[in-house]
Amino acid sequence: MEGFPQHLLEGYRAFATQRLPTEQSRYRELSERGQSPEVMVIGCCDSRVSPEVIFDAGPGELFVVRNVANLVPVYQPDSGTHGVSAALEYAVSVLKVKHIVVLGHAQCGGIRAFIDKIQPLSPGDFIGKWMQMFIKPGEVVEQREHETMQDFTIRIEKAAVFRSIENLMTFPFVRERVQNGAMNLHGAYFGVAEGSLFVLDRATKEFRSVRAAL
């Protein structure tokens, strides 16, 4: 274990002595009968935005896939390798999840890199290519007149949630289950500084504060 991060070992010791004893039966049950989460969360790999922490989820409750800027690509059945699409296919076709939540967040580095077009995040690198999925061919994303940079950034962070939900519906197995009422798609946005959560109202296309509804 030489060189292994010490704080991770200490964290595991705390888990093994405090949390595990109270959830040991749950872990045994999950190991024997497998997982059956009802919710899939597509989130950002930002270390400040952990779906399990935000939703206070226990083991086996969430099926989570995380990537830069919580993006979902369009359905593309080609010879390439598609990690998000593979996770989505497993969650929908095998686990039969009932809900998919796209979780965006404030201060997203991927979105800010996309907005600023900073180096080395050029169209030729991995992140640059990944973020190009966010826009459709010929689409222009620019700051509006009289819009502050902060407002522009938040608008694009939330737009990434809308685009991912839109792209989810390009997958035939997702579209079928949504249309027959077996599954629902949701959008959410997390404010890192305040720990606030906003849920997308699909009818009004507005993000509503969860705290206000408590």
# chains A, B, ... in the order shown; residues from 1 in each chain; ligands from 1
$ select_by_dssp --residues "segment 11-198 of chain A" --states "alpha helix (DSSP H)" --output "NGL selection string"
:A and (11-14 or 20-33 or 51-54 or 83-89 or 109-116 or 126-131 or 149-168 or 172-179)
$ select_by_dssp --residues "segment 76-110 of chain A" --states "strand (DSSP E)" --output "number ranges by chain"
A: 99-105
$ residues_around --residues "Arg155 of chain A" --least-positions-apart "3" --cutoff "12 Å" --atoms "only C-alpha atoms" --output "count of residues only"
26
$ closest_residue --among "A:Ile100, A:Ala16, A:Val72, A:Ile154" --to "Thr170 of chain A" --atoms "only C-alpha atoms"
A:Val72
$ closest_residue --among "A:Gly110, A:Pro5, A:Gly138, A:Gly187" --to "Ser164 of chain A" --atoms "only C-alpha atoms"
A:Gly187
$ residues_around --residues "Arg163 of chain A" --least-positions-apart "5" --cutoff "10 Å" --atoms "only C-alpha atoms" --output "list in words"
Leu71, Val72, Pro73, Val74, Val102, Met133, Phe134, Ile135, Lys136, Lys158 and Leu168 of chain A
$ closest_residue --among "A:Thr17, A:Ile54, A:Ser93, A:Gly60" --to "Glu38 of chain A" --atoms "only C-alpha atoms"
A:Gly60
$ closest_residue --among "A:Lys98, A:Asp125, A:Gly11, A:Ala212" --to "Asn180 of chain A" --atoms "only C-alpha atoms"
A:Lys98
$ closest_residue --among "A:Met169, A:Asp56, A:Gly181, A:Arg202" --to "Leu88 of chain A" --atoms "only C-alpha atoms"
A:Met169
$ closest_residue --among "A:Phe171, A:Val65, A:Leu185, A:Pro37" --to "Gly83 of chain A" --atoms "only C-alpha atoms"
A:Val65
$ atom_distance --atom1 "atom CA of Leu200 of chain A" --atom2 "atom CA of Val94 of chain A"
26.6 Å
$ atom_distance --atom1 "atom CA of Ala188 of chain A" --atom2 "atom CA of Gly43 of chain A"
9.7 Å
$ atom_distance --atom1 "atom CA of Phe114 of chain A" --atom2 "atom CA of Val68 of chain A"
11.1 Å
